[in-house]
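Written out below as C-alpha cells is the structure these notes cover.
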Amino acid sequence: MRLKVLEAPSEWSRFTEDSVERRMLLALGHRLGTRLRPKPLMLPDGNRVEVEGIDAEGLVLVQLVSNQGAYKPAYRNKVMADMFKLLWLREAVPTAERAVLLVSELVVQALGGWVACAAADLGIEIYVFDGNAVVTLQRRT
C-alpha cells in the first residue's frame, strides 16, 4: 500500500505556537538539519492518517510522545503504538528512509527492557527532548 503526502491545511496543523509538540519538532529539525512539519497522508481508499513530522522530501518520518507530569504505565503503550505506526509509514510512504520517535524525558521510562532494543533492531531512531534540545537516547545495558 502506498500513501500520498498531502498539503496540510496549515503549516503546524494542530500544534499551537506554545505547544511542546511544536518545540519538539523544531528542536529535532535543528538536530537533524531539516525542516519538519506535521502532514496528512492519504491512503488509496481515501482514508487519511497524520504523521506528526515529515521533511519536505518525505525522507524522515517522526512521531512524538510528549507526555508531561507524572509517569503512567499507559505511556509504554503509546510508545509501542507509535513505533508500529512508524514501521508501517516507512514502508507505505514511497520516499521514506528514516523512522524517528521523539519522546519527552518523562517517557524515557517507557523504553526500558526490550522496547528500546526492539526499536534499534527495527531501525527506529529514538531521541529525547529535554525541554530545549534533542539528544540521542542512551541505551541502558
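Each chain of the C-alpha cells is named A, B, ... in the order shown, its residues numbered from 1; ligands are numbered from 1 in display order.
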Contacts of A:Arg48 within 12 Å, only C-alpha atoms, excl. fewer than 2 positions in-chain, as a compact mmCIF listing (two decimals) with N, CA and C atoms, in the first residue's frame:
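And here's around.txt as it stands now:
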# COMPACT_ATOMS: atom_id res chain seq x y z
N LEU A 3 1.12 5.41 0.37
CA LEU A 3 0.46 6.60 0.88
C LEU A 3 0.97 7.82 0.14
N LYS A 4 0.08 8.77 -0.05
CA LYS A 4 0.44 10.03 -0.70
C LYS A 4 0.49 11.12 0.36
N VAL A 5 1.58 11.89 0.39
CA VAL A 5 1.72 13.01 1.32
C VAL A 5 0.91 14.18 0.76
N LEU A 6 0.03 14.73 1.59
CA LEU A 6 -0.83 15.85 1.19
C LEU A 6 -0.31 17.15 1.80
N ALA A 8 -0.88 20.15 4.19
CA ALA A 8 -1.65 20.37 5.41
C ALA A 8 -2.46 21.66 5.26
N LYS A 39 1.96 16.50 8.66
CA LYS A 39 1.30 16.43 7.36
C LYS A 39 0.28 15.30 7.36
N PRO A 40 -0.82 15.50 6.65
CA PRO A 40 -1.76 14.39 6.44
C PRO A 40 -1.26 13.52 5.29
N LEU A 41 -1.59 12.26 5.37
CA LEU A 41 -1.27 11.29 4.32
C LEU A 41 -2.58 10.65 3.86
N MET A 42 -2.67 10.35 2.58
CA MET A 42 -3.88 9.76 2.02
C MET A 42 -3.63 8.29 1.65
N LEU A 43 -4.49 7.42 2.16
CA LEU A 43 -4.45 6.02 1.79
C LEU A 43 -5.16 5.85 0.45
N PRO A 44 -4.88 4.78 -0.28
CA PRO A 44 -5.53 4.57 -1.57
C PRO A 44 -7.07 4.54 -1.49
N ASP A 45 -7.62 4.14 -0.36
CA ASP A 45 -9.09 4.09 -0.23
C ASP A 45 -9.70 5.43 0.17
N GLY A 46 -8.87 6.47 0.28
CA GLY A 46 -9.37 7.80 0.61
C GLY A 46 -9.28 8.16 2.08
N GLU A 50 -2.30 11.03 9.90
CA GLU A 50 -1.34 12.13 10.01
C GLU A 50 -0.03 11.62 10.58
N VAL A 51 1.05 12.10 10.00
CA VAL A 51 2.36 11.88 10.58
C VAL A 51 2.71 13.19 11.29
Would you give me, as JSON, numbers by chain, the residues in chain A that DSSP reads as strand (DSSP E or B)? {"A": [4, 5, 37, 38, 39, 40, 41, 42, 48, 49, 50, 51, 52, 53, 54, 60, 61, 62, 63, 64, 65, 98, 99, 100, 101, 102, 103, 104, 124, 125, 126, 127, 128, 129, 134, 135, 136]}
Name all residues at most 9 Å from A:Val79 (count only C-alpha atoms; drop same-chain ones fewer than 5 positions away) and give them as an NGL selection string. :A and (64-65 or 74 or 84 or 101 or 103 or 107 or 110-111 or 115)
Take the residues just selected and output them with C-alpha atoms as a compact mmCIF listing (two decimals), in the first residue's frame.
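Output file selection-v7.txt is given in full below:
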# COMPACT_ATOMS: atom_id res chain seq x y z
CA LEU A 64 6.12 12.37 19.10
CA VAL A 65 5.37 11.19 22.63
CA ALA A 74 0.00 3.62 29.59
CA PHE A 84 4.25 0.34 14.97
CA LEU A 101 10.49 8.55 17.60
CA VAL A 103 9.99 11.36 23.39
CA VAL A 107 8.62 8.98 28.61
CA ALA A 110 8.67 3.51 28.78
CA LEU A 111 11.75 2.47 26.83
CA VAL A 115 11.32 -1.88 23.92
I'd like to know which residues of stretch 23-125 of chain A are helix (DSSP H, G or I) (by DSSP, run on the backbone); could you write them as an MDAnalysis selection string? chainID A and resid 23:32 74:92 105:111 114:121
Take the selection from the previous step and output its residues with N, CA and C atoms, as a compact mmCIF listing (two decimals), in the first residue's frame.
# COMPACT_ATOMS: atom_id res chain seq x y z
N ARG A 23 7.62 22.74 19.78
CA ARG A 23 9.01 22.93 20.22
C ARG A 23 9.85 21.68 19.97
N MET A 24 9.24 20.51 20.16
CA MET A 24 9.94 19.25 19.91
C MET A 24 10.34 19.13 18.44
N LEU A 25 9.40 19.40 17.54
CA LEU A 25 9.69 19.28 16.11
C LEU A 25 10.76 20.28 15.68
N LEU A 26 10.68 21.50 16.19
CA LEU A 26 11.70 22.49 15.85
C LEU A 26 13.08 22.06 16.33
N ALA A 27 13.16 21.56 17.55
CA ALA A 27 14.45 21.11 18.11
C ALA A 27 14.99 19.90 17.35
N LEU A 28 14.12 18.97 17.00
CA LEU A 28 14.56 17.79 16.24
C LEU A 28 15.01 18.19 14.84
N GLY A 29 14.27 19.09 14.21
CA GLY A 29 14.66 19.57 12.89
C GLY A 29 16.04 20.22 12.94
N HIS A 30 16.29 20.99 13.99
CA HIS A 30 17.60 21.61 14.17
C HIS A 30 18.68 20.53 14.32
N ARG A 31 18.40 19.54 15.12
CA ARG A 31 19.37 18.44 15.34
C ARG A 31 19.66 17.67 14.06
N LEU A 32 18.60 17.40 13.27
CA LEU A 32 18.77 16.60 12.06
C LEU A 32 19.13 17.43 10.84
N ALA A 74 0.62 3.56 30.92
CA ALA A 74 0.00 3.62 29.59
C ALA A 74 0.91 4.29 28.56
N TYR A 75 1.89 5.06 29.01
CA TYR A 75 2.80 5.71 28.08
C TYR A 75 3.59 4.68 27.28
N ARG A 76 3.85 3.55 27.89
CA ARG A 76 4.56 2.48 27.17
C ARG A 76 3.74 2.01 25.98
N ASN A 77 2.41 1.91 26.15
CA ASN A 77 1.55 1.52 25.03
C ASN A 77 1.59 2.56 23.92
N LYS A 78 1.62 3.85 24.28
CA LYS A 78 1.71 4.92 23.29
C LYS A 78 3.01 4.81 22.51
N VAL A 79 4.11 4.56 23.22
CA VAL A 79 5.41 4.39 22.57
C VAL A 79 5.36 3.25 21.57
N MET A 80 4.83 2.12 21.99
CA MET A 80 4.79 0.95 21.10
C MET A 80 3.84 1.18 19.92
N ALA A 81 2.72 1.84 20.15
CA ALA A 81 1.79 2.14 19.06
C ALA A 81 2.45 3.07 18.04
N ASP A 82 3.18 4.07 18.52
CA ASP A 82 3.86 4.98 17.60
C ASP A 82 5.00 4.28 16.87
N MET A 83 5.68 3.35 17.50
CA MET A 83 6.71 2.58 16.81
C MET A 83 6.09 1.75 15.69
N PHE A 84 4.95 1.13 15.98
CA PHE A 84 4.25 0.34 14.97
C PHE A 84 3.82 1.24 13.80
N LYS A 85 3.28 2.41 14.12
CA LYS A 85 2.86 3.36 13.08
C LYS A 85 4.05 3.76 12.22
N LEU A 86 5.19 4.05 12.85
CA LEU A 86 6.38 4.44 12.10
C LEU A 86 6.86 3.34 11.16
N LEU A 87 6.83 2.10 11.62
CA LEU A 87 7.24 0.99 10.76
C LEU A 87 6.34 0.89 9.53
N TRP A 88 5.04 1.02 9.76
CA TRP A 88 4.08 0.97 8.65
C TRP A 88 4.29 2.14 7.69
N LEU A 89 4.41 3.34 8.24
CA LEU A 89 4.59 4.52 7.40
C LEU A 89 5.88 4.45 6.59
N ARG A 90 6.94 3.94 7.20
CA ARG A 90 8.22 3.85 6.49
C ARG A 90 8.09 2.94 5.26
N GLU A 91 7.27 1.92 5.38
CA GLU A 91 7.03 1.02 4.24
C GLU A 91 6.02 1.60 3.24
N ALA A 92 5.07 2.38 3.72
CA ALA A 92 3.96 2.84 2.89
C ALA A 92 4.21 4.18 2.20
N GLU A 105 11.50 13.62 28.25
CA GLU A 105 12.34 12.96 29.26
C GLU A 105 11.52 12.02 30.13
N LEU A 106 10.31 12.41 30.46
CA LEU A 106 9.44 11.57 31.28
C LEU A 106 9.19 10.21 30.63
N VAL A 107 9.02 10.20 29.33
CA VAL A 107 8.62 8.98 28.61
C VAL A 107 9.78 8.00 28.43
N VAL A 108 11.00 8.43 28.68
CA VAL A 108 12.15 7.52 28.57
C VAL A 108 11.92 6.26 29.40
N GLN A 109 11.20 6.39 30.50
CA GLN A 109 10.90 5.22 31.35
C GLN A 109 10.18 4.12 30.59
N ALA A 110 9.42 4.49 29.58
CA ALA A 110 8.67 3.51 28.78
C ALA A 110 9.58 2.71 27.85
N LEU A 111 10.82 3.12 27.74
CA LEU A 111 11.75 2.47 26.83
C LEU A 111 12.68 1.50 27.52
N TRP A 114 12.96 -4.53 26.81
CA TRP A 114 13.11 -4.91 25.41
C TRP A 114 12.66 -3.84 24.42
N VAL A 115 11.93 -2.83 24.85
CA VAL A 115 11.32 -1.88 23.92
C VAL A 115 12.37 -1.09 23.14
N ALA A 116 13.36 -0.52 23.79
CA ALA A 116 14.40 0.23 23.08
C ALA A 116 15.25 -0.70 22.21
N CYS A 117 15.49 -1.91 22.68
CA CYS A 117 16.24 -2.89 21.89
C CYS A 117 15.48 -3.23 20.61
N ALA A 118 14.18 -3.44 20.73
CA ALA A 118 13.35 -3.74 19.55
C ALA A 118 13.37 -2.57 18.58
N ALA A 119 13.26 -1.35 19.09
CA ALA A 119 13.30 -0.17 18.23
C ALA A 119 14.61 -0.12 17.44
N ALA A 120 15.72 -0.33 18.13
CA ALA A 120 17.02 -0.30 17.47
C ALA A 120 17.12 -1.39 16.41
N ASP A 121 16.68 -2.60 16.75
CA ASP A 121 16.74 -3.71 15.80
C ASP A 121 15.86 -3.45 14.57
Could you jot down the atom CA of A:Ser13 to atom CA of A:Gly33 separation for me, Å, one decimal place?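 About the pair atom CA of A:Ser13 and atom CA of A:Gly33: they are 21.3 Å apart.
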Would you kindly return, as a ChimeraX atom specification, each protein, DNA or RNA residue with an atom no farther than 6 Å from any atom of A:Leu102, considering only C-alpha atoms and excluding same-chain residues fewer than 4 positions away? /A:64,126-128
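With only C-alpha atoms as the atoms that count, the residue of A:Ala99, A:Val20, A:Leu122, A:Leu36 with the shortest distance to A:Asn67 is A:Val20.
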Give me, please, the distance in Å between atom CA of A:Asp18 and atom CA of A:Arg37, quoted to one decimal. 15.0 Å
Atomic distance atom CA of A:Val62 - atom CA of A:Ala96, expressed in Å with one decimal: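 Between atom CA of A:Val62 and atom CA of A:Ala96 the gap is 10.7 Å.
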Please determine, counting only C-alpha atoms, which residue among A:Glu97, A:Glu17, A:Glu57, A:Glu7 has the shortest atom-to-atom distance to A:Ile124. A:Glu97
